[in-house]
Amino acid sequence: MGEKILEVRDLTKYFEVSNGLFRKKKYVHAVEKVSFDVYKSETLGIVGESGSGKSTLGRVLLKLIKQTSGKVFYNGQDIMQLNSKEFGKIRRELQMVFQDPYASLNPRIKIGDSIAEPLIANCISTNYAEAKKKVYELLDLVGLQPESYERYPYEFSGGQRQRISIARALVLEPKILVCDEAVSALDVSVQAQILNLFNSLKKKLDLTYLFISHDLSVVKHISDRIMVMYLGEIMELATTDQIFSKTYHPYTEALISAIPDPAERGRKKRIILEGDITSPIDPPPGCRFSGRCFKTMEICKYQHPELIEVEPGHFVRCHLYSERKGDC
Amino acid sequence: MEKRTFCKTFFKNKPAVIGLFGVLLIALSGILAPFIVPYPTGYGTEILEPPSAEHWFGTDGLGLDVFAQVVWGARTSLYVSLMAVLVAAVIGIPAGLLSGYKKGIIGSAIDAVIDIFLTLPVLPLMIVIAAIVGSSINNVAIVIGLFSWPSLARVTRNSTMKISEMQFIEAARCLGIPSRKILFKHILLNIVGPVLVNLTLVMATAVLSESSLSFLGLGDPTTWSWGTILKKAWDAGAVIDTPNPWWWWFFTSFSIMVYVICFNLLGNGINDALNPKTRE
């Protein structure tokens with residue numbers, strides 16, 4: 001693996017939930033003490049069901065939401081401490097592709113202008129003629145006709161809009177691209193096209209991806225490493241090969257068993273998790289997954305497991321593999 | 001999609017078309033007043049003549065043509081309401097955008113100011129301030145504008161809050177677009193509809209306020225406005241006299257009513273045409 005481009009240390013984000021002036025304040029633990037590294041030119045897939053904090057994590061990393069605590073080092077510099085003016089120069093290197101292609105483009109602005117605007121705003125191009133040239137290059141890069149420049153978002157399909165969003169995210173020549181559920185709003189056939197586009201762009205532009213999705217099959221297709229999140233915590237983190245060849249965490253096992261596989265239809269045993277994700281408001285002390293885990297033990301209910309390295313580069317947060325296993 | 005469906009729905013809506021027609025009629029008569037009738041000034045010989053072919057709306061106690069007064073009054077009313085709208089827009093739109101977009105202290109503070117202004121007894125305060133600053137058309141217009149911005153700010157704020165949650169605003173922030181541009185380009189472009197509707201309503205209420213102030217003698221006595229005509233009629237006892245020279249006050253009151261109703265119809269029409277739910 002290459003050099004570290006992003007180091008995340010104990011990143012935490014709580015959202016305050018206030019129900020009334022005099023009630024005790026409650027907090028949604030959206031992201032809790034998350035630490036991981038991102039290596040240059042890799043694709044790190046982040047999976048988890050809705051409410052697992054993966055989108056919040058992406059937004060906190062790009063400083064779209066302020067973190068509660070923790071540090072994020074980008075090329076060795078803690079970007080969480082920078083004010084918005086200092087961050088301005090770095091911001092262009094960290095960009096995002098959003099989930100909903102129907103909501104992420106301003107409906108009243110021509111798509112060419114939508115893509116050109118960041119160039120002017122960040123003083124990369126001084127005039128629109130110069131910016132326009134760049135926009136045409138990008139439209140070509142993501143597979144759109146140059147005529148698209150003069151059109152409005154409603155004239156495009158979901159897949160085309162996502163191509164526009166990608167072009168817009170790439171216009172500032174980012175180093176890291178956070179893709180937040182970037183294909184989940186699209187049809188399966190279009191998903192494949194966009195995933196292939198992501199793969200080819202990565203090779204051409206030497207990008208690093210943080211690929212957030214709830215769909216493990218999508219993440220498997222594109223990622224070098226996979227991080228599984230549940231209720232704001234990392235449950236398992238390993239390379240894609242490791243995670244699929246030897247799954248440690250029961251939650252990951254359940255997720256993998258849910259991937260549809262036409263070859264094994266009916267023969268594969270699926271693990272069905274009972275109930276819904278636990279409320280992230282002031283979660284209980286034990287393992288966050290213990291309420292739904294099919295391998296739950298007594299210790300899981302009161303003791304919080306740590307993230308431990310079970311194999312080189314393979315991290316798991318589960319009492320099944322902790323040294324204290326013998327205690328109970 | 002946008003412009004063509006808008007026009008199509010708008011022109012299918014009969015009250016809206018009537019409103020537009022009325023507004024255009026009043027606007028044209030105001031703008032073209034010098035070419036329609038001469039400015040009513042001095043004294044006439046035919047005093048208190050009922051409506052006739054020569055004097056469509058009759059004549060007043062000084063023998064001046066009431067039709068001429070109403071047409072020139074439209075000019076003043078139009079000018080005052082446009083000025084008032086301008087003042088209201090300059091204050092109300094930025095205030096609404098800021099309070100809707102900026103969360104935290106700035107947003108809440110502006111919102112509190114809007115709330116306070118909305119609870120003020122507007123007419124008595126306008127009377128007091130108009131009396132202090134003196135009666136000129138511009139003063140009256142500015143005073144009306146200063147009291148009309150809160151409703152506009154409130155509408156702008158609510159629409160802004162809705163748009164601020166959209167992903168393209170987050171995307172714009174992510175791309176390093178400055179807040180100023182996000183507010184006045186990305187958000188404003190998307191809330192033009194409700195803001196426009198509210199501006200037409202401000203036009204309507206502004207003319208009512210102007211008439212009230214002029215009627216109370218706080219307007220500009222040297223120009224003809226609808227309120228001034230009514231004041232003169234009232235002072236001359238024309239409203240309660242018998243036999244009653246009804247044409248003196250009726251046509252003016254009717255004009256005010258038409259103006260207010262037409263602007264309201266126009267506003268509703270724009271609103272319905274912009275709202276996808278009411279589109280057929």
# chains A, B, ... in the order shown; residues from 1 in each chain; ligands from 1

$ interface_residues --of "chain A" --to "chain B" --cutoff "8 Å" --atoms "only C-alpha atoms" --output "ChimeraX atom specification"
/A:62,64,88,91-92,95-96,98,100,103-108,117-118,121-122,169,172

$ write_last_selection --atoms "C-alpha atoms" --output "CSV table (one decimal), in the first residue's frame"
chain,number,residue,atom,x,y,z
A,62,LEU,CA,-15.1,17.5,4.0
A,64,LEU,CA,-19.5,20.3,5.5
A,88,GLY,CA,-10.4,27.2,1.2
A,91,ARG,CA,-11.2,22.3,-0.1
A,92,ARG,CA,-10.8,21.9,-3.8
A,95,GLN,CA,-14.7,16.8,-3.3
A,96,MET,CA,-17.9,14.9,-3.1
A,98,PHE,CA,-23.9,13.3,-3.9
A,100,ASP,CA,-29.5,12.1,-5.4
A,103,ALA,CA,-31.5,17.1,-6.0
A,104,SER,CA,-27.8,17.8,-6.3
A,105,LEU,CA,-28.0,20.1,-9.4
A,106,ASN,CA,-29.5,23.5,-9.2
A,107,PRO,CA,-32.6,23.2,-11.4
A,108,ARG,CA,-32.4,26.8,-12.5
A,117,GLU,CA,-18.9,28.2,-11.5
A,118,PRO,CA,-16.5,26.5,-9.1
A,121,ALA,CA,-15.2,31.0,-7.5
A,122,ASN,CA,-11.9,29.3,-6.7
A,169,ALA,CA,-16.9,17.4,-8.6
A,172,LEU,CA,-11.4,21.4,-9.3

$ residues_around --residues "Asp37 of chain A" --least-positions-apart "3" --cutoff "9 Å" --atoms "only C-alpha atoms" --output "list in words"
Lys4, Ile5, Leu6, Glu7, Val8 and Arg9 of chain A

$ closest_residue --among "B:Val258, B:Leu97, B:Val202, B:Ala153" --to "Phe117 of chain B" --atoms "only C-alpha atoms"
B:Ala153

$ closest_residue --among "B:Tyr43, B:Trp72, B:Trp56, B:Phe11" --to "Ser225 of chain B" --atoms "only C-alpha atoms"
B:Trp72

$ residues_around --residues "Val133 of chain B" --least-positions-apart "6" --cutoff "10 Å" --atoms "only C-alpha atoms" --output "VMD selection string"
chain B and resid 139 to 140 143 218

$ closest_residue --among "B:Tyr259, B:Phe184, B:Trp234, B:Trp226" --to "Gly73 of chain B" --atoms "only C-alpha atoms"
B:Trp226

$ atom_distance --atom1 "atom CA of Ser81 of chain B" --atom2 "atom CA of Val239 of chain B"
26.0 Å

$ residues_around --residues "Ile256 of chain B" --least-positions-apart "4" --cutoff "10 Å" --atoms "only C-alpha atoms" --output "PyMOL selection string"
chain B and resi 70+74+77+204+207-208+211+226-227+251-252+260-262

$ write_last_selection --atoms "C-alpha atoms" --output "PDB file, in the first residue's frame"
ATOM      1  CA  VAL B  70     -58.257  59.520 -11.054  1.00  0.00           C
ATOM      2  CA  ALA B  74     -53.110  56.298 -10.632  1.00  0.00           C
ATOM      3  CA  SER B  77     -50.340  55.517  -6.520  1.00  0.00           C
ATOM      4  CA  ALA B 204     -51.696  46.094  -3.204  1.00  0.00           C
ATOM      5  CA  VAL B 207     -51.673  51.646  -2.296  1.00  0.00           C
ATOM      6  CA  LEU B 208     -54.106  51.154   0.593  1.00  0.00           C
ATOM      7  CA  SER B 211     -54.569  56.289   0.403  1.00  0.00           C
ATOM      8  CA  TRP B 226     -56.384  58.641  -4.821  1.00  0.00           C
ATOM      9  CA  GLY B 227     -56.164  59.387  -1.121  1.00  0.00           C
ATOM     10  CA  PHE B 251     -64.864  56.422  -8.923  1.00  0.00           C
ATOM     11  CA  THR B 252     -61.794  56.973  -6.788  1.00  0.00           C
ATOM     12  CA  VAL B 260     -56.039  45.995  -4.821  1.00  0.00           C
ATOM     13  CA  ILE B 261     -58.181  43.186  -6.213  1.00  0.00           C
ATOM     14  CA  CYS B 262     -56.279  43.038  -9.500  1.00  0.00           C
TER      15      CYS B 262
END

$ select_by_dssp --residues "segment 53-207 of chain B" --states "helix (DSSP H, G or I)" --output "JSON, numbers by chain"
{"B": [66, 67, 68, 69, 70, 71, 72, 73, 74, 75, 76, 77, 78, 79, 80, 81, 82, 83, 84, 85, 86, 87, 88, 89, 90, 91, 92, 93, 94, 95, 96, 97, 98, 99, 100, 101, 105, 106, 107, 108, 109, 110, 111, 112, 113, 114, 115, 116, 117, 118, 119, 122, 123, 124, 125, 126, 127, 128, 129, 130, 131, 132, 133, 137, 138, 139, 140, 141, 142, 143, 144, 145, 146, 147, 148, 149, 150, 151, 152, 153, 154, 155, 156, 157, 158, 159, 160, 161, 162, 163, 164, 167, 168, 169, 170, 171, 172, 173, 174, 179, 180, 181, 182, 183, 184, 185, 186, 187, 188, 189, 190, 192, 193, 194, 195, 196, 197, 198, 199, 200, 201, 202, 203, 204, 205, 206, 207]}

$ closest_residue --among "B:Leu152, B:Leu196, B:Val90, B:Ala95" --to "Val113 of chain B" --atoms "only C-alpha atoms"
B:Ala95

$ closest_residue --among "A:Ile212, A:Val310, A:Lys202, A:Met227" --to "Tyr248 of chain A" --atoms "only C-alpha atoms"
A:Val310
